[in-house]
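Notes for the one structure printed next.
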Number of protein chains: 2
Amino acid sequence: MSLRVAIVGATGAVGRTFLSLLEERRFPVGGLRLLATSRSAGETLPFGSERIPVEEVSAEALAGHDIAFFSAGAEAARQWAPVAVERGATVIDNSAAFRQEPDVPLVVPEVNGHRLADRPRLIANPNCSTIQLVLVVAPIHRKVGVRRLVVSTYQSVSGTGLDALAELEAQIQGAAAGREPEPRVYPHRIAYNCLPHIDDFLDSGYTREEVKLILESRKILEEPNLAVTATAVRVPVRVGHSEAVNLTLSRPVNPDEVRRWLAEAPGVVVLDDPAGRVYPTPRAAAGRDEAFVGRIRRDVSQPAGLDLWICCDNLRKGAALNGIQIAEQLFAPAAPSVPGPAGTQ
Amino acid sequence: MSLRVAIVGATGAVGRTFLSLLEERRFPVGGLRLLATSRSAGETLPFGSERIPVEEVSAEALAGHDIAFFSAGAEAARQWAPVAVERGATVIDNSAAFRQEPDVPLVVPEVNGHRLADRPRLIANPNCSTIQLVLVVAPIHRKVGVRRLVVSTYQSVSGTGLDALAELEAQIQGAAAGREPEPRVYPHRIAYNCLPHIDDFLDSGYTREEVKLILESRKILEEPNLAVTATAVRVPVRVGHSEAVNLTLSRPVNPDEVRRWLAEAPGVVVLDDPAGRVYPTPRAAAGRDEAFVGRIRRDVSQPAGLDLWICCDNLRKGAALNGIQIAEQLFAPAAPSVPGPAGTQ
């Protein structure tokens with residue numbers, strides 16, 4: 001089998017990760033077209049031994065594909081995803097454009113891969129922070145019932161994009177040289193700083209990023225009333241998002257029991273040996289395929305509570321890898337859904 | 001009035017901050033002795049136009065002081081604080097050595113300054129993360145009753161000390177040069193990373209830092225059964241600790257009401273205008289005297305919940321400034337307890 005693939009938004013941080021993962025996972029690519037806005041058209045990107053030209057997205061360019069991976073923002077997705085579907089492609093969109101549409105499945109294959117059974121033609125890829133959260137929370141929820149979640153995130157700048165990675169470096173090198181480059185990507189300096197501000201603010205005082213985490217978790221876990229609150233914070237890390245998560249459960253659990261459940265959960269690696277200084281870090285998660293969980297402990301503040309800490313590569317499983325796993329499940333079910341050796345610190 | 005002052009642990013990050021704050025606040029210093037371990041003895045540190053020699057701590061050196069500020073770790077405090085008290089000094093200790101002793105007051109002047117009324121001779125200075133938390137939580141607790149707290153911290157490396165600041169810089173400059181210096185101060189690289197590990201791990205799975213935050217908050221708020229859980233995380237920030245805090249209250253509150261209460265709270269500055277991109281950051285809090293609070297919003301996950309975000313300079317109000325304010329209240333009550341103009345981004 002060979003599949004004709006398009007990547008829309010190919011030159012971004014997630015687009016480039018799609019490209020390298022297609023190769024790394026030997027995805028059965030029978031044709032590859034890289035699309036982007038006119039600004040990036042004309043560049044070339046490496047794939048195997050070739051360099052593939054980046055073309056401007058258009059209705060013509062979107063015709064003739066089996067799969068189109070979109071990572072081009074919500075506006076481009078709203079404009080072009082329906083065109084790609086109409087012209088025959090199955091679209092897997094990484095933006096927030098369709099995630100809350102009732103008839104568009106929002107899928108993390110290890111958690112709700114059954115939503116792919118009727119072969120939808122438009123599938124939404126969840127937000128990076130949501131994917132790593134539900135990978136860990138779903139197995140606990142199935143065993144014991146999660147009643148409420150309090151999530152604090154520590155999100156890397158690569159979640160914003162390549163320009164944010166460049167801004168972090170420029171600010172750090174500027175600080176070393178006694179200069180202070182004006183922030184452009186973020187409203188305040190991100191080097192040596194934390195910004196409790198990801199995506200736009202809403203009237204409720206939450207940011208869109210926090211609301212995504214709340215609503216997407218509910219949709220993926222199929223618990224429309226699940227109680228969730230979140231504070232989303234940008235930290236000066238390049239790649240890898242972290243989350244401190246407090247769970248209220250339906251009954252008290254033993255942390256050992258939870259470690260056993262999570263050790264068997266697909267796409268999850270337990271790293272939890274505090275005495276050996278073993279716990280997840282975003283840096284160790286970067287470049288890896290799984291969500292890493294540790295610091296699993298009984299919450300002393302409530303009778304049936306649990307605290308834990310999750311790290312995951314936001315460009316891979318948090319974005320491109322999850323999209324490719326969706327495609328694998330739809331088109332190439334023989335491919336392993338979560339490869340890679342178990343993680344270590 | 002003039003007071004004979006000793007600083008024990010004068011060469012550390014907090015010790016140096018004590019020294020600069022004594023000068024900045026025109027503390028009535030009538031004699032100043034800088035003490036440290038033999039390793040640092042022989043150095044000199046600037047105070048006003050002078051340079052003061054650092055001497056090795058001893059029973060003789062601890063005699064003849066009105067006040068001794070200790071910032072030398074728990075072991076040194078256990079050994080030398082009683083000696084200083086016996087020889088006439090009032091000791092304000094920044095270590096964890098005495099914080100949970102029932103007869104030692106643990107004081108944040110704005111919150112429980114009444115514990116100084118009977119002029120104790122040994123006072124414990126709380127942990128940095130606790131001080132900024134209770135400064136903001138106490139005024140809310142007085143108005144409406146706090147039932148439970150979930151705290152996630154984002155703590156700067158200066159909380160560890162000067163060697164940790166140097167390690168962060170060495171790792172960042174090493175990364176820029178393609179090298180990777182071996183971590184010494186932290187068990188894993190801190191540059192571009194987050195470590196969910198501050199102080200030692202306990203059998204419960206919590207760290208000592210997390211337990212400090214829980215127990216010290218209860219003691220200062222005089223609520224021995226207050227439900228608190230915490231995850232303490234080190235982030236690659238130089239100075240300034242941040243906290244994402246979720247509160248369960250006795251009744252629903254309006255965020256505007258909370259902003260009004262906090263606007264009147266001593267030592268607290270409200271920075272909460274999301275539309276104007278105004279919220280606290282650790283970088284803006286560094287060098288300032290107050291705890292800054294923002295992102296105040298109704299928690300959608302429970303009927304009487306609140307989320308907020310606090311930043312504070314961990315070396316100043318989180319350590320040395322709080323100690324000096326205790327001394328001011330005891331010895332120089334005319335001095336302003338929380339000076340400085342209101343903060344801005």
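Naming scheme: A, B, ... for chains in displayed order of the structure tokens; residues 1 onward per chain; ligands 1 onward as shown.
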For this session: Up to 7 Å from chain B, what residues of chain A turn up? Count only C-alpha atoms and give them as a VMD selection string.
Result: chain A and resid 152 192 to 195 201 204 to 205 227 to 229 231 236 to 238 244 274 to 275 281 to 283 295 297 299 to 301
Write out, as a compact mmCIF listing (two decimals), in the first residue's frame, the residues just selected, with N, CA, C and O atoms.
```txt
# COMPACT_ATOMS: atom_id res chain seq x y z
N SER A 152 -1.91 22.42 36.43
CA SER A 152 -1.02 23.56 36.20
C SER A 152 -0.01 23.12 35.17
O SER A 152 0.64 22.09 35.33
N TYR A 192 14.39 33.29 31.27
CA TYR A 192 14.47 33.40 32.73
C TYR A 192 13.16 33.90 33.34
O TYR A 192 13.17 34.63 34.33
N ASN A 193 12.04 33.54 32.75
CA ASN A 193 10.76 34.07 33.21
C ASN A 193 9.67 33.01 33.01
O ASN A 193 9.88 32.00 32.35
N CYS A 194 8.51 33.24 33.61
CA CYS A 194 7.33 32.40 33.40
C CYS A 194 6.17 33.34 33.05
O CYS A 194 5.99 34.36 33.72
N LEU A 195 5.39 32.98 32.04
CA LEU A 195 4.26 33.82 31.62
C LEU A 195 2.96 33.04 31.77
O LEU A 195 2.75 32.05 31.06
N PHE A 201 -6.98 35.80 26.19
CA PHE A 201 -7.80 35.82 27.39
C PHE A 201 -9.29 35.90 27.04
O PHE A 201 -9.67 36.58 26.08
N SER A 204 -14.09 35.21 31.06
CA SER A 204 -14.10 34.45 32.31
C SER A 204 -12.81 34.60 33.09
O SER A 204 -12.73 34.18 34.24
N GLY A 205 -11.76 35.16 32.47
CA GLY A 205 -10.47 35.24 33.13
C GLY A 205 -9.56 34.07 32.76
O GLY A 205 -8.35 34.11 33.01
N ALA A 227 -15.38 17.86 35.99
CA ALA A 227 -14.92 19.11 36.60
C ALA A 227 -13.41 19.25 36.38
O ALA A 227 -12.63 18.40 36.83
N VAL A 228 -13.02 20.29 35.65
CA VAL A 228 -11.60 20.53 35.36
C VAL A 228 -11.31 22.02 35.50
O VAL A 228 -12.10 22.85 35.03
N THR A 229 -10.22 22.37 36.15
CA THR A 229 -9.72 23.74 36.07
C THR A 229 -8.25 23.67 35.72
O THR A 229 -7.59 22.65 35.94
N THR A 231 -4.44 26.18 34.93
CA THR A 231 -3.65 27.39 34.74
C THR A 231 -2.52 27.02 33.79
O THR A 231 -1.73 26.11 34.09
N PRO A 236 10.62 28.85 30.14
CA PRO A 236 11.73 28.92 29.18
C PRO A 236 12.38 27.56 28.93
O PRO A 236 13.55 27.33 29.23
N VAL A 237 11.58 26.66 28.38
CA VAL A 237 12.01 25.32 27.97
C VAL A 237 11.83 25.25 26.46
O VAL A 237 10.89 25.85 25.94
N ARG A 238 12.72 24.56 25.76
CA ARG A 238 12.61 24.52 24.29
C ARG A 238 11.51 23.57 23.83
O ARG A 238 10.61 23.95 23.11
N ALA A 244 1.55 19.57 36.37
CA ALA A 244 1.28 19.12 37.73
C ALA A 244 -0.23 18.92 37.82
O ALA A 244 -0.99 19.86 37.55
N PRO A 274 11.59 8.19 43.28
CA PRO A 274 12.18 9.39 43.86
C PRO A 274 13.53 9.13 44.53
O PRO A 274 14.45 9.94 44.40
N ALA A 275 13.67 7.99 45.22
CA ALA A 275 14.93 7.71 45.91
C ALA A 275 16.09 7.68 44.91
O ALA A 275 17.20 8.10 45.23
N THR A 281 11.10 14.66 33.28
CA THR A 281 11.45 16.06 33.03
C THR A 281 11.14 16.33 31.56
O THR A 281 11.18 15.42 30.73
N PRO A 282 10.84 17.59 31.23
CA PRO A 282 10.54 17.87 29.82
C PRO A 282 11.73 17.59 28.91
O PRO A 282 11.58 17.14 27.79
N ARG A 283 12.93 17.83 29.44
CA ARG A 283 14.11 17.63 28.61
C ARG A 283 14.29 16.15 28.25
O ARG A 283 14.64 15.81 27.13
N ARG A 295 6.06 11.13 40.24
CA ARG A 295 5.62 11.87 41.43
C ARG A 295 4.19 11.44 41.82
O ARG A 295 3.42 12.25 42.35
N ARG A 297 1.48 10.20 44.02
CA ARG A 297 1.39 10.13 45.48
C ARG A 297 -0.02 10.43 45.93
O ARG A 297 -0.78 11.11 45.23
N ASP A 299 -2.78 12.32 47.70
CA ASP A 299 -2.96 13.73 48.04
C ASP A 299 -3.42 13.82 49.49
O ASP A 299 -4.49 13.32 49.84
N VAL A 300 -2.61 14.46 50.34
CA VAL A 300 -2.94 14.52 51.77
C VAL A 300 -4.09 15.47 52.08
O VAL A 300 -4.57 15.50 53.22
N SER A 301 -4.56 16.21 51.09
CA SER A 301 -5.56 17.25 51.38
C SER A 301 -7.00 16.79 51.21
O SER A 301 -7.92 17.57 51.44
```
Exercise. Which parts of segment 168-326 of chain B does DSSP call strand (DSSP E) when run on the backbone here, written out as an NGL selection string?
Worked result: :B and (227-231 or 241-249 or 268-270 or 291-298 or 305-312)
Problem set entry | DSSP alpha helix (DSSP H) selection over segment 87-325 of chain A, as number ranges by chain | A: 109-112, 128-144, 162-176, 208-221, 255-263, 282-285, 321-325
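In terms of minimum interatomic distance to Lys317 of chain A, A:Thr17 ranks closest within A:Thr248, A:Thr17, A:Ser95, A:Gln79, counting only C-alpha atoms.
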For this session: May I have the residues within 12 Å of Glu222 of chain B as number ranges by chain, using only C-alpha atoms and disregarding those fewer than 2 positions away in the same chain?
Result: B: 102, 105-107, 111-112, 114-115, 134, 138, 141-142, 215-220, 224-226
